[in-house]
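Shown here: structure-v7.cif, mmCIF, C-alpha atoms.
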data_input
#
loop_
_atom_site.label_atom_id
_atom_site.label_comp_id
_atom_site.auth_asym_id
_atom_site.auth_seq_id
_atom_site.Cartn_x
_atom_site.Cartn_y
_atom_site.Cartn_z
CA MET A 1 -6.48 -0.12 18.56
CA LYS A 2 -2.71 -0.14 18.03
CA ILE A 3 -1.84 0.86 14.45
CA LEU A 4 1.53 0.65 12.72
CA LEU A 5 1.37 3.48 10.19
CA THR A 6 3.90 3.35 7.36
CA ASN A 7 4.30 4.36 3.71
CA ASP A 8 6.82 4.47 0.87
CA ASP A 9 7.03 8.27 0.47
CA GLY A 10 8.97 8.79 3.71
CA TYR A 11 7.91 9.60 7.26
CA GLN A 12 7.82 13.36 6.58
CA ALA A 13 5.42 13.12 3.62
CA PRO A 14 2.35 15.36 4.13
CA ASN A 15 -0.20 12.58 3.58
CA ILE A 16 1.14 10.24 6.27
CA GLN A 17 1.52 13.14 8.71
CA ASN A 18 -2.10 14.21 8.18
CA LEU A 19 -3.36 10.65 8.53
CA TYR A 20 -1.28 10.21 11.69
CA ARG A 21 -2.94 13.22 13.31
CA LYS A 22 -6.42 12.00 12.35
CA LEU A 23 -6.02 8.39 13.46
CA SER A 24 -4.30 9.40 16.70
CA GLN A 25 -7.56 10.97 17.85
CA ASN A 26 -9.06 7.50 18.45
CA HIS A 27 -6.20 5.02 18.18
CA ASP A 28 -2.72 4.31 19.50
CA VAL A 29 -0.70 5.11 16.34
CA TRP A 30 3.02 4.77 15.65
CA ILE A 31 4.71 5.99 12.46
CA ILE A 32 7.45 3.60 11.38
CA ALA A 33 8.27 4.73 7.87
CA PRO A 34 11.23 5.18 5.51
CA GLU A 35 13.76 7.93 6.07
CA ASN A 36 13.45 8.88 2.38
CA ASN A 37 11.17 8.24 -0.59
CA CYS A 38 11.17 4.54 -1.50
CA SER A 39 8.47 4.43 -4.18
CA GLY A 40 8.49 1.39 -6.46
CA MET A 41 10.30 -0.87 -3.97
CA SER A 42 7.48 -3.44 -3.82
CA ALA A 43 8.11 -5.84 -0.90
CA ALA A 44 11.91 -5.71 -1.18
CA ILE A 45 13.86 -6.15 2.05
CA SER A 46 17.35 -4.98 3.07
CA PHE A 47 18.59 -8.51 3.61
CA LEU A 48 22.24 -7.83 2.75
CA LYS A 49 22.81 -4.72 4.86
CA ASP A 50 22.34 -3.40 8.37
CA THR A 51 19.33 -1.13 8.74
CA GLU A 52 19.58 2.08 10.74
CA ILE A 53 16.44 3.13 12.62
CA ARG A 54 16.23 6.60 14.10
CA GLN A 55 13.69 7.67 16.72
CA VAL A 56 12.38 11.07 15.60
CA GLU A 57 9.72 11.57 18.26
CA GLU A 58 8.09 9.45 20.93
CA ARG A 59 6.03 7.48 18.41
CA ILE A 60 7.75 8.28 15.13
CA TYR A 61 10.65 6.25 13.74
CA ALA A 62 12.59 6.80 10.49
CA VAL A 63 13.97 3.64 8.89
CA ASP A 64 16.94 3.74 6.53
CA GLY A 65 15.50 0.91 4.49
CA THR A 66 12.54 -0.18 2.40
CA PRO A 67 8.81 0.05 3.18
CA ALA A 68 8.74 -3.70 3.88
CA ASP A 69 11.65 -3.22 6.30
CA CYS A 70 9.50 -0.74 8.22
CA THR A 71 6.78 -3.31 8.74
CA TYR A 72 9.22 -6.08 9.63
CA PHE A 73 11.20 -4.09 12.19
CA GLY A 74 8.08 -2.35 13.46
CA LEU A 75 6.25 -5.60 14.15
CA LEU A 76 9.18 -7.61 15.44
CA GLY A 77 11.84 -5.31 16.82
CA ILE A 78 11.06 -1.71 17.67
CA VAL A 79 8.24 -1.98 20.22
CA ASP A 80 7.51 -4.47 22.97
CA PHE A 81 3.82 -5.01 22.18
CA GLU A 82 1.80 -6.40 19.27
CA PHE A 83 0.09 -4.10 16.77
CA ASP A 84 -3.49 -4.79 15.73
CA MET A 85 -3.25 -3.47 12.17
CA VAL A 86 -0.82 -2.16 9.58
CA VAL A 87 -1.96 0.88 7.61
CA SER A 88 0.27 1.95 4.72
CA GLY A 89 -0.14 5.38 3.11
CA ILE A 90 -1.71 7.60 2.15
CA ASN A 91 0.50 7.33 -0.94
CA HIS A 92 1.09 10.39 -3.11
CA GLY A 93 -0.23 9.01 -6.41
CA ALA A 94 -2.57 6.14 -7.20
CA ASN A 95 -1.64 2.44 -7.02
CA LEU A 96 -3.99 0.93 -9.57
CA GLY A 97 -4.18 -2.35 -11.40
CA THR A 98 -1.04 -4.40 -11.84
CA ASP A 99 0.99 -1.50 -10.42
CA VAL A 100 0.37 -3.15 -7.04
CA ILE A 101 3.15 -5.60 -7.95
CA TYR A 102 5.72 -2.78 -7.78
CA SER A 103 4.10 -0.56 -5.15
CA GLY A 104 6.08 0.07 -1.98
CA THR A 105 2.83 1.14 -0.33
CA VAL A 106 1.32 -2.29 -0.96
CA GLY A 107 4.63 -4.00 -0.18
CA ALA A 108 4.64 -2.47 3.30
CA ALA A 109 1.04 -3.55 3.94
CA VAL A 110 1.68 -7.18 2.98
CA GLY A 111 3.72 -7.81 6.14
CA GLY A 112 0.66 -7.13 8.32
CA ARG A 113 -1.48 -9.99 7.01
CA LYS A 114 -1.24 -12.11 10.17
CA LEU A 115 -2.33 -9.45 12.64
CA LYS A 116 -5.72 -9.13 14.35
CA TYR A 117 -7.15 -7.06 11.48
CA PRO A 118 -6.35 -7.08 7.73
CA PRO A 119 -3.86 -4.44 6.52
CA LEU A 120 -4.70 -1.48 4.30
CA ALA A 121 -2.71 0.09 1.48
CA LEU A 122 -4.00 3.61 0.84
CA SER A 123 -3.34 5.90 -2.12
CA VAL A 124 -4.78 9.06 -3.65
CA ALA A 125 -4.78 9.86 -7.36
CA SER A 126 -2.90 13.11 -6.82
CA TYR A 127 0.67 14.06 -5.96
CA GLU A 128 -0.36 17.15 -3.98
CA THR A 129 -3.58 16.25 -2.21
CA VAL A 130 -6.19 19.01 -2.18
CA ASN A 131 -9.07 17.34 -0.32
CA MET A 132 -7.04 15.99 2.59
CA ASP A 133 -9.64 16.47 5.34
CA PHE A 134 -12.26 14.42 3.52
CA ILE A 135 -9.78 11.69 2.58
CA VAL A 136 -8.36 11.17 6.07
CA ASN A 137 -11.86 11.26 7.62
CA LYS A 138 -13.08 8.68 5.10
CA THR A 139 -9.99 6.56 5.75
CA ALA A 140 -10.85 6.43 9.46
CA LYS A 141 -14.35 5.15 8.59
CA ILE A 142 -12.94 2.54 6.19
CA ILE A 143 -10.62 1.30 8.93
CA ASP A 144 -13.58 0.91 11.30
CA THR A 145 -15.40 -1.16 8.66
CA ILE A 146 -12.36 -3.35 7.99
CA LYS A 147 -12.20 -4.08 11.74
CA SER A 148 -15.71 -5.50 11.64
CA LEU A 149 -15.22 -7.86 8.67
CA PRO A 150 -15.74 -11.61 9.24
CA GLU A 151 -12.87 -14.08 9.46
CA GLN A 152 -12.98 -15.00 5.77
CA PHE A 153 -11.30 -11.65 5.00
CA HIS A 154 -8.43 -12.16 7.41
CA GLY A 155 -5.06 -12.64 5.74
CA LYS A 156 -6.02 -10.47 2.77
CA VAL A 157 -4.71 -7.00 1.89
CA PHE A 158 -7.10 -4.18 1.05
CA ASN A 159 -5.89 -1.76 -1.61
CA VAL A 160 -7.77 1.55 -1.41
CA ASN A 161 -7.50 4.32 -4.00
CA PHE A 162 -9.10 7.74 -3.57
CA PRO A 163 -9.88 10.27 -6.26
CA ASP A 164 -8.75 13.69 -5.04
CA LEU A 165 -12.31 14.98 -4.71
CA SER A 166 -14.32 16.73 -2.03
CA GLU A 167 -17.02 14.95 -0.04
CA ASP A 168 -19.70 16.49 -2.28
CA GLU A 169 -17.90 15.48 -5.48
CA CYS A 170 -17.01 11.91 -4.47
CA LYS A 171 -19.68 9.46 -5.61
CA GLY A 172 -19.06 6.79 -2.96
CA ILE A 173 -17.19 3.49 -2.70
CA LYS A 174 -16.95 0.70 -5.26
CA ILE A 175 -15.49 -2.78 -4.72
CA THR A 176 -13.31 -3.37 -7.76
CA SER A 177 -11.06 -5.75 -9.63
CA LEU A 178 -7.50 -4.79 -10.57
CA ALA A 179 -7.17 -3.11 -13.92
CA LYS A 180 -4.88 -4.66 -16.50
CA ARG A 181 -2.47 -2.33 -18.24
CA GLY A 182 -1.25 -2.23 -21.81
CA VAL A 183 2.41 -2.18 -22.86
CA PRO A 184 4.43 0.37 -20.83
CA SER A 185 6.08 3.33 -22.53
CA LYS A 186 9.65 2.75 -23.61
CA PRO A 187 12.35 3.66 -21.06
CA ILE A 188 13.78 7.17 -21.25
CA VAL A 189 17.44 7.51 -22.23
CA ILE A 190 18.93 10.02 -19.79
CA SER A 191 22.49 10.06 -21.11
CA SER A 192 24.79 8.17 -23.45
CA ASP A 193 28.57 7.96 -23.12
CA GLY A 194 30.12 5.45 -25.49
CA ASP A 195 29.07 1.95 -24.43
CA ILE A 196 27.31 3.22 -21.32
CA LYS A 197 23.74 4.51 -21.33
CA LYS A 198 21.59 5.65 -18.41
CA TYR A 199 17.89 4.86 -18.50
CA ARG A 200 14.87 5.85 -16.45
CA TYR A 201 11.51 4.14 -16.18
CA ASN A 202 8.68 5.69 -18.17
CA LEU A 203 4.91 5.62 -17.66
CA SER A 204 2.94 2.43 -17.08
CA GLY A 205 0.69 1.24 -19.87
CA GLU A 206 -2.81 2.67 -20.07
CA PRO A 207 -5.56 0.62 -18.36
CA VAL A 208 -7.30 -1.79 -20.73
CA ASP A 209 -11.11 -1.65 -21.05
CA GLU A 210 -12.68 -4.65 -19.30
CA PRO A 211 -16.24 -5.89 -18.68
CA THR A 212 -15.80 -5.81 -14.89
CA LEU A 213 -15.53 -2.63 -12.82
CA THR A 214 -11.82 -2.03 -12.30
CA ASP A 215 -10.06 0.19 -9.80
CA ALA A 216 -8.82 2.47 -12.57
CA ARG A 217 -12.33 2.97 -13.96
CA ALA A 218 -13.88 3.56 -10.53
CA VAL A 219 -11.36 6.26 -9.58
CA LYS A 220 -11.67 7.91 -13.00
CA ASP A 221 -15.46 8.00 -12.55
CA GLY A 222 -15.16 9.66 -9.13
CA TYR A 223 -15.47 6.69 -6.77
CA ILE A 224 -13.22 5.40 -4.01
CA SER A 225 -11.94 1.98 -5.09
CA ILE A 226 -11.40 -0.93 -2.69
CA SER A 227 -9.75 -4.08 -4.06
CA ILE A 228 -8.94 -7.31 -2.24
CA LEU A 229 -5.42 -8.66 -2.74
CA ASP A 230 -4.79 -12.32 -1.91
CA TYR A 231 -1.19 -13.26 -1.10
CA ASP A 232 -1.90 -16.94 -0.62
CA LEU A 233 0.29 -17.82 -3.59
CA ASP A 234 -0.77 -21.47 -3.80
CA GLN A 235 -3.14 -22.43 -6.64
CA GLU A 236 -4.73 -25.70 -5.54
CA PRO A 237 -6.94 -26.35 -8.64
CA LEU A 238 -4.02 -25.80 -11.02
CA ARG A 239 -1.72 -27.82 -8.78
CA GLU A 240 -4.05 -30.81 -8.94
CA ASN A 241 -4.41 -30.43 -12.72
CA LEU A 242 -0.64 -30.22 -13.16
CA LYS A 243 -0.20 -33.65 -11.59
CA SER A 244 -1.59 -35.26 -14.74
CA PHE A 245 1.29 -33.78 -16.74
CA PHE A 246 4.02 -34.82 -14.29
CA ASN A 247 2.66 -38.14 -13.12
CA GLU A 248 5.68 -40.20 -12.04
#
Could you express the structure from this file as structure tokens?
Amino acid sequence: MKILLTNDDGYQAPNIQNLYRKLSQNHDVWIIAPENNCSGMSAAISFLKDTEIRQVEERIYAVDGTPADCTYFGLLGIVDFEFDMVVSGINHGANLGTDVIYSGTVGAAVGGRKLKYPPLALSVASYETVNMDFIVNKTAKIIDTIKSLPEQFHGKVFNVNFPDLSEDECKGIKITSLAKRGVPSKPIVISSDGDIKKYRYNLSGEPVDEPTLTDARAVKDGYISISILDYDLDQEPLRENLKSFFNE
């Protein structure tokens, strides 16, 4: 299988390099990833600038752009064949709940929805992964399962979050809903000079307790979380209902 492997942490990030070595044992894998860290870029594209792409090695390209740029240029410009799947990650840090809206890891995966197999966005709840061997081995098995899913799952994006646990400590896999978060922490004032202030984003809000099993709860309890993201943005039932309010 031909895999476009990308991320938002940059092509040199340890997690993507380790996953590249693992997946290359059984698949035809190409890294097409950002030159530098692009966390929090969501699915932004470099529409108003030229994008420089540098070939680092035979199958590794560094893109001076966003994670979504990597998928776009990788699928449509860099190679002369069609990839079977986009795999994005493994991100340094979890992408849980409504954070998927801002995640560059997820944003890169979204562009692979029309390929032969559904795309994966992969993250680990740790910034310096300890249990890398287990996580990359488990990722390879998850990819094999995704390949075998029926057609009803095509066009979706699978968001996978790992706890940074060993094989013995990890309790298994749970299929989860996205956690909802409370109010984010106030932005941090970095400096103030007269009328000009510099701010930095602060922490996301804490996950809210819910009756369903959420991704945040599953990872906290020691499970690998898999959530299905649907980017078919049309809402047919609401659209039909709305007609009664705008009936002209």
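When the distance limit is 10 Å and all atoms listed in the file are what count, the residues near segment 152-156 of chain A, minus those fewer than 5 positions from it on the same chain, are Ala109, Val110, Gly112, Arg113, Lys114, Leu115, Lys116, Tyr117, Pro118, Pro119, Leu120, Ile146, Lys147, Ile228, Leu229, Asp230, Tyr231 and Asp232 of chain A.
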Which segment 85-141 of chain A residues have any atom within 12 Å of an atom of segment 59-68 of chain A, and for each, what is the nearest pair of atoms with distance in Å to one decimal, counting all atoms listed in the file, rows sorted by chain and number, as a tab-separated table?
residue	atom	partner	partner_atom	distance
A:Val86	CA	A:Ala68	CA	11.2
A:Val87	CA	A:Pro67	CA	11.7
A:Ser88	CA	A:Pro67	CA	8.9
A:Gly89	CA	A:Pro67	CA	10.4
A:Asn91	CA	A:Pro67	CA	11.8
A:Tyr102	CA	A:Pro67	CA	11.7
A:Ser103	CA	A:Pro67	CA	9.6
A:Gly104	CA	A:Pro67	CA	5.8
A:Thr105	CA	A:Pro67	CA	7.0
A:Val106	CA	A:Pro67	CA	8.9
A:Gly107	CA	A:Ala68	CA	5.8
A:Ala108	CA	A:Ala68	CA	4.3
A:Ala109	CA	A:Ala68	CA	7.7
A:Val110	CA	A:Ala68	CA	7.9
A:Gly111	CA	A:Ala68	CA	6.9
A:Gly112	CA	A:Ala68	CA	9.8
A:Ala121	CA	A:Pro67	CA	11.6
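From atom CA of Cys70 of chain A back to atom CA of Tyr127 of chain A, the distance works out to 22.3 Å.
Counting all atoms listed in the file and comparing A:Thr129, A:Ile3, A:Ser185, A:Glu236, the residue that lies closest to Asn26 of chain A is A:Ile3.
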Show me the residues close to (-19.3, 9.0, -5.1) - anything with an atom within 6 Å, counting all atoms listed in the file - and format the list as an MDAnalysis selection string.
chainID A and resid 170:172 222:223
Output C-alpha atoms for every residue in that selection, as an mmCIF file, in the coordinates of the input.
data_model
loop_
_atom_site.group_PDB
_atom_site.id
_atom_site.type_symbol
_atom_site.label_atom_id
_atom_site.label_comp_id
_atom_site.auth_asym_id
_atom_site.auth_seq_id
_atom_site.Cartn_x
_atom_site.Cartn_y
_atom_site.Cartn_z
ATOM 1 C CA CYS A 170 -17.010 11.910 -4.470
ATOM 2 C CA LYS A 171 -19.680 9.460 -5.610
ATOM 3 C CA GLY A 172 -19.060 6.790 -2.960
ATOM 4 C CA GLY A 222 -15.160 9.660 -9.130
ATOM 5 C CA TYR A 223 -15.470 6.690 -6.770
#
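Going from atom CA of Lys138 of chain A to atom CA of Ile224 of chain A covers 9.7 Å.
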Could you list, as a PyMOL selection string, every residue matched by the PyMOL selection byres ((chain A and resi 208) around 8) in this structure?
chain A and resi 179-182+206-207+209-210
Centre and edge lengths of an axis-aligned box around all listed atoms of segment 109-117 of chain A, with 4 Å added on each side, are to be given in Å to one decimal, as JSON.
{"center_x": -1.7, "center_y": -7.8, "center_z": 8.7, "size_x": 18.9, "size_y": 16.6, "size_z": 19.4}
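Taking atom CA of Asp9 of chain A as the reference point, atom CA of Ser39 of chain A is found at 6.2 Å.
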